$ cat data.txt   # compact mmCIF, C-alpha atoms
# COMPACT_ATOMS: atom_id res chain seq x y z
CA PRO I 37 100.14 117.73 85.44
CA LEU I 38 102.67 115.57 83.64
CA VAL I 39 105.64 117.73 82.63
CA GLY I 40 109.13 117.04 81.37
CA PHE I 41 112.43 118.85 81.72
CA ASN I 42 115.18 118.67 79.12
CA TYR I 43 118.33 117.78 81.07
CA SER I 44 120.45 118.54 77.97
CA LEU I 45 119.77 122.23 78.55
CA ASP I 46 121.97 124.37 80.76
CA PRO I 47 120.83 124.19 84.42
CA THR I 48 120.21 127.93 84.45
CA VAL I 49 117.44 127.61 81.83
CA ARG I 50 116.19 124.01 81.95
CA PHE I 51 113.47 124.69 84.54
CA GLN I 52 112.20 127.92 83.01
CA LEU I 53 108.58 127.88 81.85
CA ASP I 54 109.53 128.28 78.17
CA ASN I 55 111.53 125.03 78.37
CA LEU I 56 108.88 122.85 80.04
CA ILE I 57 107.43 120.03 77.99
CA SER I 58 103.79 119.42 78.88
CA PHE I 59 102.85 115.75 78.43
CA GLY I 60 99.32 116.06 79.74
CA VAL I 61 97.07 116.52 82.73
CA ILE I 62 95.40 113.80 84.73
CA PRO I 63 91.91 115.09 85.53
CA GLY I 64 90.73 115.50 89.10
CA PRO I 65 89.49 116.03 91.68
CA ASN I 66 89.92 112.34 92.58
CA GLN I 67 93.02 110.22 92.04
CA PRO I 68 92.88 107.90 89.03
CA LYS I 69 92.28 104.26 89.86
CA ASP I 70 94.55 103.14 87.01
CA MET I 71 97.47 105.56 86.59
CA ASP I 72 99.04 103.34 83.92
CA SER I 73 96.13 103.98 81.54
CA PHE I 74 97.01 107.70 81.57
CA LEU I 75 100.72 106.99 81.10
CA TYR I 76 100.46 104.41 78.32
CA PRO I 77 100.34 106.91 75.38
CA LEU I 78 103.33 108.76 76.85
CA VAL I 79 105.27 105.50 77.25
CA ILE I 80 104.63 104.62 73.59
CA GLU I 81 106.02 108.03 72.54
CA LEU I 82 109.03 107.68 74.87
CA GLU I 83 109.80 104.23 73.44
CA LYS I 84 109.80 105.75 69.91
CA LEU I 85 112.10 108.57 71.08
CA ALA I 86 114.50 106.06 72.65
CA ARG I 87 114.78 104.25 69.29
CA GLY I 88 115.19 107.59 67.54
CA VAL I 89 112.99 109.76 65.33
CA THR I 90 114.00 111.72 62.27
CA ALA I 91 114.46 115.43 62.99
CA TYR I 92 115.82 118.34 60.97
CA ASP I 93 118.90 120.38 61.95
CA ALA I 94 118.28 123.81 60.40
CA PHE I 95 121.80 125.04 61.20
CA HIS I 96 123.52 122.20 59.31
CA ARG I 97 120.59 121.76 56.87
CA ARG I 98 120.32 118.02 57.31
CA GLN I 99 118.27 115.36 59.01
CA PHE I 100 119.44 113.43 62.04
CA LYS I 101 118.19 110.83 64.51
CA LEU I 102 116.84 112.51 67.62
CA ARG I 103 116.81 110.35 70.73
CA ALA I 104 115.38 111.16 74.14
CA TYR I 105 115.19 109.15 77.33
CA LEU I 106 113.18 109.47 80.51
CA VAL I 107 115.78 109.14 83.28
CA LEU I 108 114.17 110.59 86.41
CA VAL I 109 110.59 110.80 87.69
CA PHE I 110 109.65 113.33 90.36
CA GLY I 111 106.48 113.84 92.34
CA ASP I 112 105.07 113.86 95.84
CA MET I 113 104.93 110.57 97.76
CA PRO I 114 101.38 109.59 96.71
CA ALA I 115 102.14 110.34 93.05
CA ILE I 116 105.38 108.35 93.06
CA SER I 117 103.62 105.43 94.79
CA LYS I 118 101.03 105.39 92.00
CA LEU I 119 103.65 105.70 89.25
CA MET I 120 105.66 102.83 90.73
CA ARG I 121 102.51 100.76 91.48
CA MET I 122 103.36 100.61 95.17
CA LYS I 123 101.02 100.30 98.14
CA GLY I 124 102.06 103.71 99.42
CA VAL I 125 102.89 105.43 102.66
CA ASN I 126 100.44 103.45 104.78
CA GLY I 127 101.47 100.04 103.45
CA LEU I 128 103.37 97.38 105.35
CA SER I 129 106.43 98.03 103.15
CA PRO I 130 105.96 101.75 102.39
CA CYS I 131 109.42 102.85 101.31
CA ARG I 132 110.18 102.88 97.58
CA SER I 133 113.93 102.75 98.24
CA CYS I 134 114.42 100.31 101.11
CA HIS I 135 112.98 97.22 102.77
CA ILE I 136 111.97 98.71 106.10
CA HIS I 137 108.65 97.21 107.14
CA GLY I 138 106.05 99.45 108.70
CA ILE I 139 104.58 98.77 112.09
CA ARG I 140 101.33 99.83 113.69
CA ASP I 141 101.12 102.17 116.66
CA PRO I 142 100.86 99.76 119.62
CA THR I 143 98.96 102.37 121.63
CA ARG I 144 96.20 102.51 118.98
CA PRO I 145 95.28 98.89 118.15
CA LYS I 146 92.27 99.78 115.96
CA VAL I 147 94.29 102.07 113.65
CA THR I 148 95.55 100.18 110.60
CA THR I 149 98.04 102.83 109.47
CA HIS I 150 101.68 101.72 109.40
CA TYR I 151 104.70 103.87 110.09
CA ALA I 152 108.38 103.07 109.59
CA PRO I 153 110.55 104.29 112.47
CA LEU I 154 114.28 103.63 112.52
CA LYS I 155 114.09 102.84 116.26
CA ARG I 156 111.52 100.09 116.88
CA PRO I 157 109.41 99.49 119.98
CA ASP I 158 110.98 96.01 120.28
CA GLY I 159 114.43 97.60 120.76
CA THR I 160 115.78 96.91 117.27
CA SER I 161 116.83 99.77 115.03
CA TYR I 162 117.99 100.58 111.52
CA ASN I 163 121.11 102.57 110.73
CA ALA I 164 119.97 105.46 108.51
CA LEU I 165 123.31 105.33 106.66
CA ASN I 166 123.07 101.60 105.97
CA LEU I 167 119.45 100.78 105.12
CA PRO I 168 118.44 97.56 103.34
CA ILE I 169 118.15 99.10 99.86
CA ARG I 170 115.90 97.75 97.08
CA SER I 171 117.56 96.93 93.74
CA HIS I 172 116.04 97.26 90.27
CA ASN I 173 116.19 93.50 89.61
CA GLU I 174 114.64 92.63 92.96
CA PHE I 175 111.91 95.26 92.49
CA MET I 176 111.03 93.91 89.04
CA GLN I 177 111.06 90.27 90.22
CA LYS I 178 108.61 91.08 93.02
CA ALA I 179 106.43 93.19 90.71
CA THR I 180 106.33 90.33 88.18
CA ARG I 181 105.49 87.82 90.91
CA VAL I 182 102.52 89.95 91.98
CA ALA I 183 101.40 90.50 88.38
CA THR I 184 101.55 86.78 87.54
CA ALA I 185 99.89 85.50 90.71
CA THR I 186 97.26 82.89 89.90
CA THR I 187 94.60 84.33 92.21
CA ASN I 188 93.66 87.79 93.47
CA THR I 189 94.17 86.58 97.03
CA GLU I 190 97.71 85.46 96.25
CA ALA I 191 98.44 88.77 94.46
CA GLU I 192 97.11 90.80 97.41
CA LYS I 193 99.22 88.80 99.89
CA LEU I 194 102.37 89.23 97.79
CA ALA I 195 101.65 92.95 97.33
CA LYS I 196 101.10 93.39 101.06
CA ASP I 197 104.42 91.70 101.87
CA CYS I 198 106.58 93.64 99.39
CA GLY I 199 104.58 96.86 98.96
CA ILE I 200 104.47 96.47 95.16
CA LYS I 201 101.10 96.00 93.42
CA GLY I 202 102.37 94.92 90.00
CA VAL I 203 104.61 95.83 87.08
CA PRO I 204 104.35 99.57 86.31
CA VAL I 205 103.88 100.60 82.69
CA LEU I 206 106.97 102.81 83.09
CA ALA I 207 109.02 99.61 83.58
CA SER I 208 108.93 99.08 79.81
CA LEU I 209 111.32 102.05 79.48
CA SER I 210 114.88 100.71 79.61
CA SER I 211 116.16 104.12 80.74
CA LEU I 212 114.42 103.88 84.14
CA TYR I 213 115.68 101.90 87.11
CA PHE I 214 113.31 101.13 89.94
CA PRO I 215 113.62 102.68 92.50
CA ASP I 216 116.76 104.71 91.64
CA SER I 217 115.02 106.78 88.96
CA PHE I 218 112.38 107.93 91.46
CA PRO I 219 114.28 110.11 93.98
$ encode --input "data.txt" --output "structure tokens"
Amino acid sequence: PLVGFNYSLDPTVRFQLDNLISFGVIPGPNQPKDMDSFLYPLVIELEKLARGVTAYDAFHRRQFKLRAYLVLVFGDMPAISKLMRMKGVNGLSPCRSCHIHGIRDPTRPKVTTHYAPLKRPDGTSYNALNLPIRSHNEFMQKATRVATATTNTEAEKLAKDCGIKGVPVLASLSSLYFPDSFP
């Protein structure tokens, strides 16, 4: 399901069922191959809302410009990976927030799954309080590089290195910052 929450409402009521905004449902049972095709109509509507639409204020008996912005996107790890057009949890660069590269289990050479430990088998380690964080500009530059690659082979190599498979359709919304808007 694709649902929205109105963050202008009081926190005590914003998550109640009556205040949910249902944007749609992506049919199952399998994951969509192209998540952006399901999101495109929603993005068009969100772009209109960001510019403002005419609404009526019954209390003051007048029209006004209603604006709304998508500021946060929540989901489980596979869903967020799809929404951000990332390789995902088994990719070489699986984290949406930082630059930790995954490694393979050295005791299982035939397994291609990557994992991202803070303490590495080679003795190096990452400080959990000081990770190499991705920025919005860097994320978008890498996504654009993958999207504008001249060959599929080049695009796949770039995507493997950075964990980003292309520019997400949600990137057209100026209210979202990759990866900050995807906690």
$ atom_distance --input "data.txt" --atom1 "CA of Val203 (chain I)" --atom2 "CA of Leu165 (chain I)"
28.7 Å
$ atom_distance --input "data.txt" --atom1 "CA of Ile169 (chain I)" --atom2 "CA of His135 (chain I)"
6.2 Å
$ closest_residue --input "data.txt" --among "I:Lys123, I:Lys69, I:Lys146, I:Lys155" --to "Ala179 (chain I)" --atoms "all atoms listed in the file"
I:Lys123
$ residues_around --input "data.txt" --residues "Ser133 (chain I)" --least-positions-apart "5" --cutoff "12 Å" --atoms "only C-alpha atoms" --output "list of chain:residue names"
I:Met113, I:Ile116, I:Ser117, I:Met120, I:Met122, I:Gly124, I:Leu167, I:Pro168, I:Ile169, I:Arg170, I:Ser171, I:His172, I:Glu174, I:Phe175, I:Cys198, I:Gly199, I:Ile200, I:Tyr213, I:Phe214, I:Pro215, I:Asp216, I:Ser217, I:Phe218, I:Pro219
$ residues_around --input "data.txt" --residues "Val79 (chain I)" --least-positions-apart "6" --cutoff "8 Å" --atoms "all atoms listed in the file" --output "NGL selection string"
:I and (205-206 or 208-209)
$ decode --input "data.txt" --residues "region 171-185 of chain I" --atoms "C-alpha atoms" --output "mmCIF file, in the first residue's frame"
data_model
loop_
_atom_site.group_PDB
_atom_site.id
_atom_site.type_symbol
_atom_site.label_atom_id
_atom_site.label_comp_id
_atom_site.auth_asym_id
_atom_site.auth_seq_id
_atom_site.Cartn_x
_atom_site.Cartn_y
_atom_site.Cartn_z
ATOM 1 C CA SER I 171 24.895 13.588 0.696
ATOM 2 C CA HIS I 172 21.954 14.528 -1.525
ATOM 3 C CA ASN I 173 24.185 16.122 -4.182
ATOM 4 C CA GLU I 174 26.561 13.163 -4.276
ATOM 5 C CA PHE I 175 23.644 10.705 -4.438
ATOM 6 C CA MET I 176 22.067 12.579 -7.351
ATOM 7 C CA GLN I 177 25.392 12.914 -9.214
ATOM 8 C CA LYS I 178 25.978 9.157 -9.000
ATOM 9 C CA ALA I 179 22.373 8.385 -9.959
ATOM 10 C CA THR I 180 22.672 10.691 -12.985
ATOM 11 C CA ARG I 181 25.979 9.106 -13.984
ATOM 12 C CA VAL I 182 24.363 5.665 -13.962
ATOM 13 C CA ALA I 183 21.291 6.907 -15.848
ATOM 14 C CA THR I 184 23.376 8.605 -18.556
ATOM 15 C CA ALA I 185 25.887 5.796 -19.058
#
